[in-house]
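Trainee: Below: one structure in structure tokens.
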Amino acid sequence: MSNILAVLSKAVVDKKKVAVREKDHSTIRVLEPYVIYMNREGSILTDCYMRGSKGDDEVNQKIWTTMALSTINAAYMLNDHFRVQSSSDFDPKRDRYRVGLMAMIELVETEGTISQVRKLWTHLGSALDGMLSDIPKGNK
């Protein structure tokens with residue numbers, strides 16, 4: 001299980017998809033793990049989006065689920081990154097994550113980031129204007 005935990009933890013940090021095979025199942029599922037934590041009973045869990053397998057009717061539908069790592073037989077990190085979705089499914093402030101948090105994705109605040117980029121470009125524009133105003137007109 002330590003290898004499975006290592007693979008899933010790295011996938012959370014790198015925001016990469018993971019192919020897993022559950023015990024007692026021959027199907028392979030693709031996870032987008034958002035958080036890994038230990039619950040009060042000592043079980044290690046991941047909250048993730050999961051895509052169905054080829055045997056499922058809804059192959060491309062992602063569902064939010066909690067999966068115990070003890071139910072996973074094998075895990076392989078894929079080269080595909082996943083896009084973090086802001087939805088009501090994942091709330092990093094949930095009480096259950098405070099007990100034994102092991103790994104959690106870093107949420108990027110889009111609106112704040114856009115605001116910071118705008119400020120940066122404004123400052124860069126002002127700096128360039130200042131630099132260009134110091135150059136004699138014939139050398140521009």
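Each chain of the structure tokens is named A, B, ... in the order shown, its residues numbered from 1; ligands are numbered from 1 in display order.
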What's the 8 Å shell around stretch 61-69 of chain A, counting only C-alpha atoms, without same-chain residues fewer than 6 positions away, as a ChimeraX atom specification?
Mentor: /A:1,4-5,43-52,89
Trainee: Would you output that residue set with C-alpha atoms, as a PDB file, in the first residue's frame?
Mentor:
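See part_37.pdb below for the written result:
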ATOM      1  CA  MET A   1       0.000   0.000   0.000  1.00  0.00           C
ATOM      2  CA  ILE A   4      -0.040   3.217  -3.938  1.00  0.00           C
ATOM      3  CA  LEU A   5       0.066   6.014  -1.371  1.00  0.00           C
ATOM      4  CA  SER A  43      -8.279   4.328   7.013  1.00  0.00           C
ATOM      5  CA  ILE A  44      -6.420   6.217   4.294  1.00  0.00           C
ATOM      6  CA  LEU A  45      -8.845   7.721   1.780  1.00  0.00           C
ATOM      7  CA  THR A  46      -8.779   9.814  -1.359  1.00  0.00           C
ATOM      8  CA  ASP A  47     -11.509  12.178  -2.466  1.00  0.00           C
ATOM      9  CA  CYS A  48     -11.367  12.317  -6.230  1.00  0.00           C
ATOM     10  CA  TYR A  49     -13.151  12.489  -9.519  1.00  0.00           C
ATOM     11  CA  MET A  50     -13.401   9.053 -11.082  1.00  0.00           C
ATOM     12  CA  ARG A  51     -14.151   8.114 -14.642  1.00  0.00           C
ATOM     13  CA  GLY A  52     -15.870   4.859 -15.401  1.00  0.00           C
ATOM     14  CA  ASP A  89     -17.820  18.607  -4.549  1.00  0.00           C
TER      15      ASP A  89
END
Trainee: Which residues of stretch 8-77 of chain A come within 10 Å of stretch 82-86 of chain A, and what is each one's closest atom pair and distance in Å (one decimal), counting only C-alpha atoms, sorted by chain and residue number, as a tab-separated table?
Mentor:
residue	atom	partner	partner_atom	distance
A:Ala11	CA	A:Phe82	CA	9.8
A:Val12	CA	A:Phe82	CA	9.9
A:Asp14	CA	A:Phe82	CA	9.2
A:Lys15	CA	A:Phe82	CA	5.8
A:Lys16	CA	A:Phe82	CA	5.6
A:Lys17	CA	A:Phe82	CA	6.2
A:Val18	CA	A:Phe82	CA	10.0
A:Leu31	CA	A:Phe82	CA	9.5
A:Glu32	CA	A:Phe82	CA	6.6
A:Pro33	CA	A:Phe82	CA	9.2
A:Tyr34	CA	A:Val84	CA	8.3
A:Tyr49	CA	A:Gln85	CA	9.8
Trainee: Within stretch 56-99 of chain A, find each residue whose DSSP state, derived from the backbone, is strand (DSSP E or B), and express the selection as JSON, numbers by chain.
Mentor: {"A": [62, 63, 64, 65, 66, 67, 68, 72, 73, 74, 75, 76, 77, 78, 79, 80, 81]}
Trainee: So what do you get for atom CA of A:Asn79 versus atom CA of A:Ser9, distance-wise?
Mentor: 14.8 Å
Trainee: Could you check the closest approach to A:Leu78 for each of A:Asn3, A:Ile28, A:Ala19, A:Leu8 and tell me which residue wins, using only C-alpha atoms?
Mentor: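 Distance minimum relative to A:Leu78 lands on A:Ala19.
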Trainee: Kindly give the distance, in Å, that separates atom CA of A:Glu106 and atom CA of A:Val7, rounded to a single decimal.
Mentor: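 Value for the atom CA of A:Glu106-atom CA of A:Val7 distance: 17.2 Å.
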Trainee: Could you pull the residues within 10 Å of A:Arg40, counting only C-alpha atoms, minus those fewer than 5 positions along the same chain, as a list of chain:residue names?
Mentor: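 The contact residues come out as A:Arg96, A:Val99, A:Gly100.
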Trainee: Please, could you write that set of residues out with N, CA and C atoms as a PDB file, in the first residue's frame?
Mentor:
ATOM      1  N   ARG A  96     -13.234  16.715   7.868  1.00  0.00           N
ATOM      2  CA  ARG A  96     -12.601  15.393   7.723  1.00  0.00           C
ATOM      3  C   ARG A  96     -11.165  15.475   7.233  1.00  0.00           C
ATOM      4  N   VAL A  99      -8.126  15.993  10.277  1.00  0.00           N
ATOM      5  CA  VAL A  99      -7.662  14.931  11.166  1.00  0.00           C
ATOM      6  C   VAL A  99      -6.307  14.388  10.742  1.00  0.00           C
ATOM      7  N   GLY A 100      -6.192  13.940   9.504  1.00  0.00           N
ATOM      8  CA  GLY A 100      -4.940  13.313   9.061  1.00  0.00           C
ATOM      9  C   GLY A 100      -4.613  13.640   7.625  1.00  0.00           C
TER      10      GLY A 100
END
Trainee: Pick from A:Met102, A:Asn73, A:Asp24, A:Asp95: nearest to A:Ala6, with only C-alpha atoms counted?
Mentor: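 Of the candidates, the smallest distance to A:Ala6 is held by A:Met102.
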